[in-house]
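Asks: Have a look at the structure that comes next, please.
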Amino acid sequence: MSAEAGGRLFFPRWANLARPALAVALVVVPAYLVLLLAYGASPRTINVGYQPHQPVPYSHALHAGQLGIDCRYCHTTVEKAAFAAVPPTQTCMNCHSKIRAASAKLLPIRESYATGLPVPWVKVHDLPDFVYFDHSAHVRRGVGCVECHGRVDKMEVVAQVHRLSMGWCLDCHRQPDRHLRPPELVTKMEWVPPEDPLVYGRRLREATKINPSTDCWTCHR
Amino acid sequence: MAPRWLVYALVLLAALSVVPFALIARSRASTSAQPHIQLILDMAKQPKLKTQTSNPLFADSRAMRPRVAGTVARGELEEDSAVWSGRDGGNWVTAFPVPVTERLMHRGQERYDIFCAPCHGLAGYGDGPVAKRADALQEGTWTPPSSYHTDLVRGRPVGHLFNTITYGIRNMSEYGSQIPVEDRWAIVLYVRALQRSQDASVGDVPPELRRQLR
């Protein structure tokens, strides 16, 4: 590497590359880190695809899809409250006291029913605590369940399919037309607008005077 | 020219720099049961109790406390016995104790399709998808839901139908906690409409429309 000549240390000629190499590294390395963070820490990467294990292998594909039970049969509070409640065990037992009444998969349900202790369902779509999302405000104005939750009626195990990030919310609050439908059809997951969604949605928005706010305090109280 | 080992190291570094992106791309294309990574917590998890969360202070771990026994929630004082129980004194009410409007009928149709149609079927013959599945599974514990279109059910007073929704009957569970009282009356109204629709005679058709009947 270095050559000793007369007691002095000489750097090899290629060591002159160190200075331009350092300059390049100062640009490339931060750019690399920024790209890595933007890609790896984006809501699309971090939020989407969360599919927790549930205490009971409840299939929305069977109940909401194949049997066609309306979302509101179980999530009864969604039209009136901010929170779309997970149903009490009683709702499960409406049917499962008679259908599949001895199923091993339903053991936690029967235990909960007998003891009165809640089934520890795991929340999938979990917004930060500083966000005050209101289901009723959206559902009653014709934002379908599918717009945020995806095709739950095709999911064996529910997973998050949308980012649910602030930018994602604002996209719709700024331009909601594509996501609107007649409020009586909010739970119909397979529904598609009869014409161009933008045209159809704009007409709905103008008829119902929907005017989503983009003020901070709309979501952050 | 730089020595060979340095060139190799730089090439290796460049190659390895792709690996994190590949790992991220793989995680984006798959699902995970692991909770989200919170890079910046920023009050995203606050020590407050939200709807249906848990609170270890209580033995049942419910943050939402059950109603205290003997108390009445606002709007749930059962003042009018006919409205709240379908009974007038000891007898079933036979006339609707709430105003019958077209709006109530539409509400009843919507609520019926949500809560009743899974078993009773959209037209009330007891042939809903859940009933059909129970039949297909040959569940010994299952009794098929009643059809509304029998003389017995047609003859039931509205108060009796209301009571059936509220407290259940035979195999049917109670729906009083799932369906608010005004919606239960709306459903009773719609059930009456279903019964009428399946038991109509020529006399029910307006004279000017009768000619269109074939």
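Each chain in the structure tokens gets a letter, A, B and so on, in the order shown; residues start at 1 in every chain, and ligands are counted from 1 in the order they appear.
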What are the residues of chain A lining chain B at 7 Å or less? Count only C-alpha atoms, and put the answer as JSON, numbers by chain.
Replies: {"A": [14, 36, 40, 45, 46, 47, 49, 50, 51, 52, 53, 67, 69, 70, 72, 73, 76, 94, 98, 99, 117, 128, 129, 130]}
Asks: Can those selected residues be exported to a file as a PDB file, in the first residue's frame so that it contains N, CA and C atoms?
Replies:
ATOM      1  N   TRP A  14      -3.541   5.627  -6.192  1.00  0.00           N
ATOM      2  CA  TRP A  14      -5.009   5.481  -6.250  1.00  0.00           C
ATOM      3  C   TRP A  14      -5.687   6.121  -5.030  1.00  0.00           C
ATOM      4  N   LEU A  36     -34.713   4.228   1.043  1.00  0.00           N
ATOM      5  CA  LEU A  36     -35.018   3.034   1.834  1.00  0.00           C
ATOM      6  C   LEU A  36     -36.119   3.329   2.855  1.00  0.00           C
ATOM      7  N   GLY A  40     -39.604   1.671   2.752  1.00  0.00           N
ATOM      8  CA  GLY A  40     -39.800   0.702   3.827  1.00  0.00           C
ATOM      9  C   GLY A  40     -40.729   1.181   4.918  1.00  0.00           C
ATOM     10  N   THR A  45     -46.352   0.026   3.009  1.00  0.00           N
ATOM     11  CA  THR A  45     -45.546  -1.104   3.485  1.00  0.00           C
ATOM     12  C   THR A  45     -45.939  -1.507   4.895  1.00  0.00           C
ATOM     13  N   ILE A  46     -46.096  -0.504   5.758  1.00  0.00           N
ATOM     14  CA  ILE A  46     -46.264  -0.789   7.181  1.00  0.00           C
ATOM     15  C   ILE A  46     -47.705  -1.188   7.524  1.00  0.00           C
ATOM     16  N   ASN A  47     -48.688  -0.494   6.959  1.00  0.00           N
ATOM     17  CA  ASN A  47     -50.077  -0.717   7.371  1.00  0.00           C
ATOM     18  C   ASN A  47     -50.763  -1.836   6.611  1.00  0.00           C
ATOM     19  N   GLY A  49     -51.691  -5.198   4.769  1.00  0.00           N
ATOM     20  CA  GLY A  49     -51.310  -6.600   4.898  1.00  0.00           C
ATOM     21  C   GLY A  49     -51.338  -7.126   6.313  1.00  0.00           C
ATOM     22  N   TYR A  50     -51.748  -6.285   7.264  1.00  0.00           N
ATOM     23  CA  TYR A  50     -51.853  -6.743   8.653  1.00  0.00           C
ATOM     24  C   TYR A  50     -53.029  -7.705   8.769  1.00  0.00           C
ATOM     25  N   GLN A  51     -52.738  -8.906   9.177  1.00  0.00           N
ATOM     26  CA  GLN A  51     -53.757  -9.961   9.239  1.00  0.00           C
ATOM     27  C   GLN A  51     -53.567 -10.762  10.524  1.00  0.00           C
ATOM     28  N   PRO A  52     -54.009 -10.191  11.654  1.00  0.00           N
ATOM     29  CA  PRO A  52     -53.742 -10.868  12.925  1.00  0.00           C
ATOM     30  C   PRO A  52     -54.507 -12.177  13.056  1.00  0.00           C
ATOM     31  N   HIS A  53     -53.956 -13.064  13.874  1.00  0.00           N
ATOM     32  CA  HIS A  53     -54.667 -14.304  14.206  1.00  0.00           C
ATOM     33  C   HIS A  53     -55.816 -13.958  15.149  1.00  0.00           C
ATOM     34  N   LEU A  67     -73.209 -16.647   2.562  1.00  0.00           N
ATOM     35  CA  LEU A  67     -74.558 -16.577   3.134  1.00  0.00           C
ATOM     36  C   LEU A  67     -75.193 -15.207   2.918  1.00  0.00           C
ATOM     37  N   ILE A  69     -75.058 -12.449   4.632  1.00  0.00           N
ATOM     38  CA  ILE A  69     -75.560 -11.722   5.804  1.00  0.00           C
ATOM     39  C   ILE A  69     -75.032 -10.294   5.753  1.00  0.00           C
ATOM     40  N   ASP A  70     -75.909  -9.336   5.941  1.00  0.00           N
ATOM     41  CA  ASP A  70     -75.536  -7.933   5.880  1.00  0.00           C
ATOM     42  C   ASP A  70     -74.526  -7.603   6.982  1.00  0.00           C
ATOM     43  N   ARG A  72     -74.403  -5.193   8.814  1.00  0.00           N
ATOM     44  CA  ARG A  72     -75.036  -4.576   9.983  1.00  0.00           C
ATOM     45  C   ARG A  72     -75.752  -5.579  10.876  1.00  0.00           C
ATOM     46  N   TYR A  73     -75.883  -6.832  10.408  1.00  0.00           N
ATOM     47  CA  TYR A  73     -76.467  -7.841  11.293  1.00  0.00           C
ATOM     48  C   TYR A  73     -75.608  -7.951  12.559  1.00  0.00           C
ATOM     49  N   THR A  76     -73.848  -3.648  14.479  1.00  0.00           N
ATOM     50  CA  THR A  76     -75.107  -2.915  14.540  1.00  0.00           C
ATOM     51  C   THR A  76     -74.940  -1.421  14.795  1.00  0.00           C
ATOM     52  N   ASN A  94     -76.961 -16.534  18.321  1.00  0.00           N
ATOM     53  CA  ASN A  94     -78.264 -16.511  17.647  1.00  0.00           C
ATOM     54  C   ASN A  94     -78.386 -17.729  16.743  1.00  0.00           C
ATOM     55  N   LYS A  98     -77.589 -23.477  17.689  1.00  0.00           N
ATOM     56  CA  LYS A  98     -78.234 -24.603  16.991  1.00  0.00           C
ATOM     57  C   LYS A  98     -77.418 -25.123  15.823  1.00  0.00           C
ATOM     58  N   ILE A  99     -76.743 -24.240  15.105  1.00  0.00           N
ATOM     59  CA  ILE A  99     -75.961 -24.673  13.946  1.00  0.00           C
ATOM     60  C   ILE A  99     -74.506 -24.816  14.366  1.00  0.00           C
ATOM     61  N   LEU A 117     -67.470 -13.520  29.848  1.00  0.00           N
ATOM     62  CA  LEU A 117     -66.241 -12.781  29.537  1.00  0.00           C
ATOM     63  C   LEU A 117     -66.126 -12.599  28.025  1.00  0.00           C
ATOM     64  N   PRO A 128     -54.495   5.577  14.632  1.00  0.00           N
ATOM     65  CA  PRO A 128     -53.812   6.162  15.792  1.00  0.00           C
ATOM     66  C   PRO A 128     -54.832   6.811  16.725  1.00  0.00           C
ATOM     67  N   ASP A 129     -54.497   6.893  18.000  1.00  0.00           N
ATOM     68  CA  ASP A 129     -55.438   7.397  19.001  1.00  0.00           C
ATOM     69  C   ASP A 129     -55.758   8.881  18.836  1.00  0.00           C
ATOM     70  N   PHE A 130     -54.975   9.604  18.030  1.00  0.00           N
ATOM     71  CA  PHE A 130     -55.274  11.027  17.835  1.00  0.00           C
ATOM     72  C   PHE A 130     -56.170  11.268  16.633  1.00  0.00           C
TER      73      PHE A 130
END
Asks: Can you list every residue in range 27-197 of chain B that DSSP puts in strand (DSSP E or B), as a list in words?
Replies: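 Across range 27-197 of chain B, those assigned strand (DSSP E or B) are Ser32, Ser54, Arg62, Arg87, Asp88, Asn91, Trp92, Ile169 and Met172 of chain B.
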Asks: List every residue of chain A that DSSP, applied to the backbone of this structure, places in alpha helix (DSSP H), and write the result as number ranges by chain.
Replies: A: 18-40, 43-46, 60, 71-74, 89-96, 107-115, 135-139, 145-149, 166-174, 197-208, 216-219
Asks: Give me, as a PyMOL selection string, all polymer residues having an atom no more than 6 Å from range 154-161 of chain B, counting only C-alpha atoms and skipping those fewer than 2 positions away in the same chain.
Replies: chain B and resi 86+92-94+151-152+163-164
Asks: Looking at only C-alpha atoms, which of B:Ala14, B:Leu213, B:Val98, B:Leu6 is the one that sits closest to Ala186 in chain B?
Replies: B:Val98
Asks: Counting only C-alpha atoms, which residues of range 114-144 of chain A fall within 8 Å of range 77-87 of chain A, and what is the closest atom pair for each with its distance in Å at one decimal, ordered by chain and rising number, as a tab-separated table?
Replies:
residue	atom	partner	partner_atom	distance
A:Phe133	CA	A:Ala82	CA	6.6
A:Asp134	CA	A:Ala82	CA	3.8
A:His135	CA	A:Ala82	CA	4.7
A:Ser136	CA	A:Glu79	CA	4.4
A:Ala137	CA	A:Ala82	CA	7.6
A:Val139	CA	A:Glu79	CA	6.2
A:Arg140	CA	A:Glu79	CA	6.4
Asks: Restricting the output to N, CA, C and O atoms, write the selected residues as an mmCIF file, in the first residue's frame.
Replies:
data_model
loop_
_atom_site.group_PDB
_atom_site.id
_atom_site.type_symbol
_atom_site.label_atom_id
_atom_site.label_comp_id
_atom_site.auth_asym_id
_atom_site.auth_seq_id
_atom_site.Cartn_x
_atom_site.Cartn_y
_atom_site.Cartn_z
ATOM 1 N N PHE A 133 -62.099 9.103 13.855
ATOM 2 C CA PHE A 133 -62.871 8.670 12.698
ATOM 3 C C PHE A 133 -64.284 8.311 13.164
ATOM 4 O O PHE A 133 -64.461 7.721 14.214
ATOM 5 N N ASP A 134 -65.273 8.682 12.368
ATOM 6 C CA ASP A 134 -66.660 8.399 12.722
ATOM 7 C C ASP A 134 -67.315 7.559 11.621
ATOM 8 O O ASP A 134 -67.539 8.032 10.513
ATOM 9 N N HIS A 135 -67.608 6.297 11.940
ATOM 10 C CA HIS A 135 -68.246 5.431 10.947
ATOM 11 C C HIS A 135 -69.580 5.989 10.473
ATOM 12 O O HIS A 135 -69.875 6.003 9.284
ATOM 13 N N SER A 136 -70.408 6.433 11.436
ATOM 14 C CA SER A 136 -71.773 6.824 11.064
ATOM 15 C C SER A 136 -71.750 7.974 10.053
ATOM 16 O O SER A 136 -72.541 7.993 9.114
ATOM 17 N N ALA A 137 -70.824 8.912 10.223
ATOM 18 C CA ALA A 137 -70.769 10.056 9.318
ATOM 19 C C ALA A 137 -70.484 9.600 7.887
ATOM 20 O O ALA A 137 -70.996 10.180 6.924
ATOM 21 N N VAL A 139 -70.892 6.255 6.633
ATOM 22 C CA VAL A 139 -71.865 5.278 6.149
ATOM 23 C C VAL A 139 -73.171 5.956 5.736
ATOM 24 O O VAL A 139 -73.768 5.623 4.715
ATOM 25 N N ARG A 140 -73.595 6.945 6.511
ATOM 26 C CA ARG A 140 -74.877 7.582 6.210
ATOM 27 C C ARG A 140 -74.794 8.529 5.024
ATOM 28 O O ARG A 140 -75.820 8.946 4.484
#
